[in-house]
Amino acid sequence: MKLDIDLINKLKQSKSLVFFTGAGISAESGIPTFRGKDGIWNKLKPEELANFNAFMRNPQMVWEWYNHRKKIIHESKPNPAHIAIAELQNHFDVTVVTQNIDNLHRRAGSKNVFELHGNIERNYCVNCKKFYNEELDFSSGVPICGCGGLIRPDVVWFGEYLPEDQFTGSEKASAECDIFFVVGTSAVVYPAAGLINVAESSGATIVEINLEETPLSYLADYSLYGKAGEILPEILSACATLI
Ligand code: BV8
């Protein structure tokens, strides 16, 4: 894909970049998306699995689902899209704001990462909030805390507030960046998708990278349609020649 010369010039004048990412950036790592044609939500209902009441009703079933996803994530590795973003840190102030719980941005070497919806590698007690980040033992059923409380994955379920520090940090970075990249997200889940409006109304240049249009494509100054794992390395090599 031939990158637009205006975008190249815009990169030349820029200092701070934000990459707002969704499941699409991890698709090429073999992690299923939610809404794509083989999306998770085509088979399973978010309200049956990704919410607190469902967990308290049937923690076994919800844990089976997260352990299934954790197994896929552990068998996968960062792809050229994650790696390109990590390497762009050598040329710009880069902030990653992700909806993904798969930890792949960190594994790719990205330092400045806001996790809006949590991280599947962390767990905590629903009662005393004690954290359990080592591998949990499921040999005697769902893991129970010393206080008797159920241990849950540290992810944000529907109807739950986002972690305050992660959201306010993301809002600040979105309002202060020169270029805001929207990568591999259908931009339908809120308040995360609202960050695109924050960046746009703060004058940032909006660059969308997706296989297809999304409900917020109208906000994009540049829409690059294709695979993130092919487009982001091109942006990196364009930048490498720039500086
Ligand atoms: C809350 C963690 C306050 C768990 C997740 C305003 C309007 C409408 C609804 C609401 C609203 N405000 C709040 C709501 C309700 C709800 C919501 O947004 N519902 C939606 C569905 C309408 N929001 C909430 O509940 C949030 N909390 O608001 O709290 C509150 C409190 C009490 C009462 C009321 C309100 C919490 C939301 C967080 C839920 N947790 N994940 C887990 O993962 O198990 S959301 C989860 O789904 C992901 O984290 C992600 O956010 C979302 C999936 O979206 P995407 O990542 O974009 O993935 P998707 O598959 O949809 O799209 C992939 C895209 O990639 C596609 O466009 C595809 O074309 C593209 N693609 C594919 N391959 C590639 C590619 N692009 C490039 N390259 C490729 N190779």
# chains A, B, ... in the order shown; residues from 1 in each chain; ligands from 1

$ closest_atom_pairs --of "region 3-27 of chain A" --to "region 198-209 of chain A" --cutoff "10 Å" --atoms "only C-alpha atoms" --output "Markdown table"
| residue | atom | partner | partner_atom | distance |
| --- | --- | --- | --- | --- |
| A:Leu7 | CA | A:Val207 | CA | 8.8 |
| A:Lys10 | CA | A:Thr205 | CA | 8.4 |
| A:Leu11 | CA | A:Thr205 | CA | 9.9 |
| A:Ser14 | CA | A:Thr205 | CA | 9.9 |
| A:Ser16 | CA | A:Ala204 | CA | 10.0 |
| A:Leu17 | CA | A:Ala204 | CA | 9.3 |
| A:Val18 | CA | A:Ala199 | CA | 9.3 |
| A:Phe19 | CA | A:Val207 | CA | 9.5 |
| A:Phe20 | CA | A:Glu208 | CA | 9.6 |
| A:Thr21 | CA | A:Ile209 | CA | 9.6 |
| A:Gly24 | CA | A:Ile209 | CA | 9.5 |
| A:Ile25 | CA | A:Ile209 | CA | 9.3 |

$ closest_atom_pairs --of "chain A" --to "ligand 1" --cutoff "8 Å" --atoms "only C-alpha atoms and all ligand atoms" --output "Markdown table"
| residue | atom | partner | partner_atom_place_in_ligand_line | distance |
| --- | --- | --- | --- | --- |
| A:Thr21 | CA | ligand 1 | 56 (O) | 7.0 |
| A:Gly22 | CA | ligand 1 | 56 (O) | 3.4 |
| A:Ala23 | CA | ligand 1 | 56 (O) | 3.8 |
| A:Gly24 | CA | ligand 1 | 65 (O) | 3.3 |
| A:Ile25 | CA | ligand 1 | 78 (N) | 5.4 |
| A:Ser26 | CA | ligand 1 | 80 (N) | 7.2 |
| A:Ala27 | CA | ligand 1 | 73 (N) | 5.2 |
| A:Glu28 | CA | ligand 1 | 80 (N) | 5.4 |
| A:Pro32 | CA | ligand 1 | 60 (O) | 7.8 |
| A:Thr33 | CA | ligand 1 | 60 (O) | 4.0 |
| A:Phe34 | CA | ligand 1 | 60 (O) | 3.4 |
| A:Arg35 | CA | ligand 1 | 60 (O) | 3.7 |
| A:Gly36 | CA | ligand 1 | 60 (O) | 5.1 |
| A:Gly39 | CA | ligand 1 | 60 (O) | 6.0 |
| A:Ile40 | CA | ligand 1 | 60 (O) | 7.7 |
| A:Pro46 | CA | ligand 1 | 44 (O) | 7.9 |
| A:Leu49 | CA | ligand 1 | 44 (O) | 7.7 |
| A:Ala50 | CA | ligand 1 | 44 (O) | 5.3 |
| A:Tyr66 | CA | ligand 1 | 44 (O) | 7.4 |
| A:Thr98 | CA | ligand 1 | 49 (O) | 8.0 |
| A:Gln99 | CA | ligand 1 | 49 (O) | 4.2 |
| A:Asn100 | CA | ligand 1 | 49 (O) | 5.0 |
| A:Ile101 | CA | ligand 1 | 43 (O) | 5.9 |
| A:Leu116 | CA | ligand 1 | 49 (O) | 7.7 |
| A:His117 | CA | ligand 1 | 2 (C) | 4.7 |
| A:Gly118 | CA | ligand 1 | 2 (C) | 6.6 |
| A:Val155 | CA | ligand 1 | 2 (C) | 5.2 |
| A:Val156 | CA | ligand 1 | 40 (N) | 4.8 |
| A:Trp157 | CA | ligand 1 | 39 (C) | 4.5 |
| A:Phe158 | CA | ligand 1 | 25 (O) | 3.4 |
| A:Gly159 | CA | ligand 1 | 25 (O) | 3.7 |
| A:Glu160 | CA | ligand 1 | 29 (O) | 4.3 |
| A:Tyr161 | CA | ligand 1 | 29 (O) | 4.0 |
| A:Leu162 | CA | ligand 1 | 27 (N) | 6.3 |
| A:Val183 | CA | ligand 1 | 77 (C) | 6.2 |
| A:Gly184 | CA | ligand 1 | 65 (O) | 3.5 |
| A:Thr185 | CA | ligand 1 | 57 (O) | 3.1 |
| A:Ser186 | CA | ligand 1 | 67 (O) | 3.6 |
| A:Ala187 | CA | ligand 1 | 57 (O) | 5.3 |
| A:Val188 | CA | ligand 1 | 20 (C) | 5.6 |
| A:Val189 | CA | ligand 1 | 18 (O) | 3.5 |
| A:Tyr190 | CA | ligand 1 | 18 (O) | 3.7 |
| A:Pro191 | CA | ligand 1 | 12 (N) | 5.5 |
| A:Ala192 | CA | ligand 1 | 51 (O) | 7.0 |
| A:Ile209 | CA | ligand 1 | 77 (C) | 5.8 |
| A:Asn210 | CA | ligand 1 | 76 (N) | 3.7 |
| A:Leu211 | CA | ligand 1 | 76 (N) | 4.7 |
| A:Glu212 | CA | ligand 1 | 69 (O) | 5.1 |
| A:Glu213 | CA | ligand 1 | 67 (O) | 7.2 |
| A:Thr214 | CA | ligand 1 | 67 (O) | 6.0 |
| A:Tyr225 | CA | ligand 1 | 77 (C) | 7.7 |
| A:Gly226 | CA | ligand 1 | 77 (C) | 6.1 |
| A:Lys227 | CA | ligand 1 | 78 (N) | 3.7 |
| A:Ala228 | CA | ligand 1 | 78 (N) | 3.9 |
| A:Gly229 | CA | ligand 1 | 80 (N) | 6.4 |

$ select_by_dssp --residues "region 70-100 of chain A" --states "strand (DSSP E)" --output "ChimeraX atom specification"
/A:93-98

$ select_by_dssp --residues "region 104-159 of chain A" --states "alpha helix (DSSP H)" --output "JSON, numbers by chain"
{"A": [104, 105, 106, 107]}

$ write_last_selection --atoms "N, CA and C atoms" --output "short mmCIF file (atom, residue, chain, number, x, y, z; two decimals), in the first residue's frame"
data_model
loop_
_atom_site.label_atom_id
_atom_site.label_comp_id
_atom_site.auth_asym_id
_atom_site.auth_seq_id
_atom_site.Cartn_x
_atom_site.Cartn_y
_atom_site.Cartn_z
N LEU A 104 -0.37 -8.71 24.45
CA LEU A 104 0.58 -8.85 23.33
C LEU A 104 1.36 -7.57 23.06
N HIS A 105 0.80 -6.42 23.38
CA HIS A 105 1.56 -5.18 23.17
C HIS A 105 2.79 -5.17 24.09
N ARG A 106 2.58 -5.56 25.35
CA ARG A 106 3.72 -5.59 26.29
C ARG A 106 4.74 -6.63 25.84
N ARG A 107 4.24 -7.81 25.40
CA ARG A 107 5.16 -8.87 24.97
C ARG A 107 5.95 -8.44 23.73
#

$ closest_residue --among "A:Leu232, A:Leu136, A:Met1, A:Val126" --to "Asn53 (chain A)" --atoms "only C-alpha atoms"
A:Val126

$ decode --residues "region 83-119 of chain A" --atoms "N, CA and C atoms" --output "mmCIF file, in the first residue's frame"
data_model
loop_
_atom_site.group_PDB
_atom_site.id
_atom_site.type_symbol
_atom_site.label_atom_id
_atom_site.label_comp_id
_atom_site.auth_asym_id
_atom_site.auth_seq_id
_atom_site.Cartn_x
_atom_site.Cartn_y
_atom_site.Cartn_z
ATOM 1 N N ILE A 83 4.733 -5.431 16.846
ATOM 2 C CA ILE A 83 6.186 -5.163 16.846
ATOM 3 C C ILE A 83 6.491 -3.791 16.240
ATOM 4 N N ALA A 84 5.781 -3.431 15.163
ATOM 5 C CA ALA A 84 6.011 -2.116 14.523
ATOM 6 C C ALA A 84 5.705 -0.987 15.517
ATOM 7 N N ILE A 85 4.607 -1.127 16.275
ATOM 8 C CA ILE A 85 4.242 -0.090 17.257
ATOM 9 C C ILE A 85 5.333 0.022 18.323
ATOM 10 N N ALA A 86 5.841 -1.136 18.758
ATOM 11 C CA ALA A 86 6.910 -1.118 19.775
ATOM 12 C C ALA A 86 8.157 -0.423 19.220
ATOM 13 N N GLU A 87 8.487 -0.680 17.975
ATOM 14 C CA GLU A 87 9.701 -0.083 17.378
ATOM 15 C C GLU A 87 9.526 1.403 17.075
ATOM 16 N N LEU A 88 8.281 1.839 16.888
ATOM 17 C CA LEU A 88 8.061 3.275 16.640
ATOM 18 C C LEU A 88 8.392 4.097 17.884
ATOM 19 N N GLN A 89 8.533 3.409 19.038
ATOM 20 C CA GLN A 89 8.926 4.113 20.273
ATOM 21 C C GLN A 89 10.326 4.723 20.114
ATOM 22 N N ASN A 90 11.111 4.185 19.182
ATOM 23 C CA ASN A 90 12.464 4.715 18.968
ATOM 24 C C ASN A 90 12.430 6.050 18.230
ATOM 25 N N HIS A 91 11.280 6.369 17.621
ATOM 26 C CA HIS A 91 11.205 7.612 16.827
ATOM 27 C C HIS A 91 10.228 8.636 17.414
ATOM 28 N N PHE A 92 9.265 8.148 18.214
ATOM 29 C CA PHE A 92 8.208 9.050 18.707
ATOM 30 C C PHE A 92 7.887 8.740 20.174
ATOM 31 N N ASP A 93 7.144 9.669 20.821
ATOM 32 C CA ASP A 93 6.523 9.337 22.109
ATOM 33 C C ASP A 93 5.288 8.508 21.769
ATOM 34 N N VAL A 94 5.335 7.241 22.060
ATOM 35 C CA VAL A 94 4.229 6.351 21.691
ATOM 36 C C VAL A 94 3.457 5.926 22.945
ATOM 37 N N THR A 95 2.123 6.052 22.874
ATOM 38 C CA THR A 95 1.245 5.536 23.933
ATOM 39 C C THR A 95 0.286 4.529 23.296
ATOM 40 N N VAL A 96 0.182 3.366 23.908
ATOM 41 C CA VAL A 96 -0.767 2.353 23.428
ATOM 42 C C VAL A 96 -1.968 2.367 24.361
ATOM 43 N N VAL A 97 -3.164 2.486 23.771
ATOM 44 C CA VAL A 97 -4.420 2.412 24.531
ATOM 45 C C VAL A 97 -5.177 1.224 23.943
ATOM 46 N N THR A 98 -5.228 0.107 24.700
ATOM 47 C CA THR A 98 -5.812 -1.095 24.106
ATOM 48 C C THR A 98 -7.049 -1.587 24.847
ATOM 49 N N GLN A 99 -7.958 -2.162 24.060
ATOM 50 C CA GLN A 99 -9.140 -2.824 24.608
ATOM 51 C C GLN A 99 -8.850 -4.316 24.816
ATOM 52 N N ASN A 100 -7.694 -4.759 24.307
ATOM 53 C CA ASN A 100 -7.354 -6.181 24.353
ATOM 54 C C ASN A 100 -6.824 -6.577 25.732
ATOM 55 N N ILE A 101 -7.187 -7.791 26.142
ATOM 56 C CA ILE A 101 -6.727 -8.308 27.442
ATOM 57 C C ILE A 101 -5.577 -9.294 27.247
ATOM 58 N N ASP A 102 -5.034 -9.388 26.015
ATOM 59 C CA ASP A 102 -4.099 -10.467 25.637
ATOM 60 C C ASP A 102 -2.631 -10.164 25.937
ATOM 61 N N ASN A 103 -2.313 -8.984 26.459
ATOM 62 C CA ASN A 103 -0.929 -8.692 26.872
ATOM 63 C C ASN A 103 0.078 -8.703 25.720
ATOM 64 N N LEU A 104 -0.372 -8.714 24.447
ATOM 65 C CA LEU A 104 0.580 -8.849 23.328
ATOM 66 C C LEU A 104 1.365 -7.574 23.058
ATOM 67 N N HIS A 105 0.796 -6.415 23.382
ATOM 68 C CA HIS A 105 1.565 -5.176 23.171
ATOM 69 C C HIS A 105 2.793 -5.166 24.088
ATOM 70 N N ARG A 106 2.580 -5.562 25.347
ATOM 71 C CA ARG A 106 3.715 -5.588 26.288
ATOM 72 C C ARG A 106 4.735 -6.628 25.835
ATOM 73 N N ARG A 107 4.237 -7.808 25.403
ATOM 74 C CA ARG A 107 5.156 -8.875 24.965
ATOM 75 C C ARG A 107 5.947 -8.437 23.731
ATOM 76 N N ALA A 108 5.401 -7.467 22.974
ATOM 77 C CA ALA A 108 6.103 -6.965 21.775
ATOM 78 C C ALA A 108 7.137 -5.898 22.140
ATOM 79 N N GLY A 109 7.086 -5.437 23.420
ATOM 80 C CA GLY A 109 8.083 -4.447 23.865
ATOM 81 C C GLY A 109 7.525 -3.048 24.036
ATOM 82 N N SER A 110 6.194 -2.885 23.890
ATOM 83 C CA SER A 110 5.623 -1.553 24.118
ATOM 84 C C SER A 110 5.662 -1.243 25.605
ATOM 85 N N LYS A 111 6.164 -0.059 25.940
ATOM 86 C CA LYS A 111 6.346 0.302 27.369
ATOM 87 C C LYS A 111 5.119 1.019 27.918
ATOM 88 N N ASN A 112 4.632 2.005 27.191
ATOM 89 C CA ASN A 112 3.577 2.893 27.680
ATOM 90 C C ASN A 112 2.198 2.359 27.241
ATOM 91 N N VAL A 113 1.633 1.422 28.016
ATOM 92 C CA VAL A 113 0.411 0.732 27.611
ATOM 93 C C VAL A 113 -0.710 0.957 28.627
ATOM 94 N N PHE A 114 -1.847 1.495 28.168
ATOM 95 C CA PHE A 114 -3.048 1.591 29.002
ATOM 96 C C PHE A 114 -3.988 0.440 28.621
ATOM 97 N N GLU A 115 -4.379 -0.350 29.611
ATOM 98 C CA GLU A 115 -5.268 -1.513 29.373
ATOM 99 C C GLU A 115 -6.670 -1.150 29.841
ATOM 100 N N LEU A 116 -7.519 -0.711 28.918
ATOM 101 C CA LEU A 116 -8.850 -0.215 29.285
ATOM 102 C C LEU A 116 -9.741 -1.322 29.851
ATOM 103 N N HIS A 117 -9.567 -2.546 29.349
ATOM 104 C CA HIS A 117 -10.474 -3.640 29.737
ATOM 105 C C HIS A 117 -9.757 -4.738 30.512
ATOM 106 N N GLY A 118 -8.593 -4.383 31.096
ATOM 107 C CA GLY A 118 -7.909 -5.343 31.957
ATOM 108 C C GLY A 118 -6.902 -6.211 31.231
ATOM 109 N N ASN A 119 -6.444 -7.266 31.921
ATOM 110 C CA ASN A 119 -5.391 -8.151 31.411
ATOM 111 C C ASN A 119 -5.635 -9.568 31.915
#
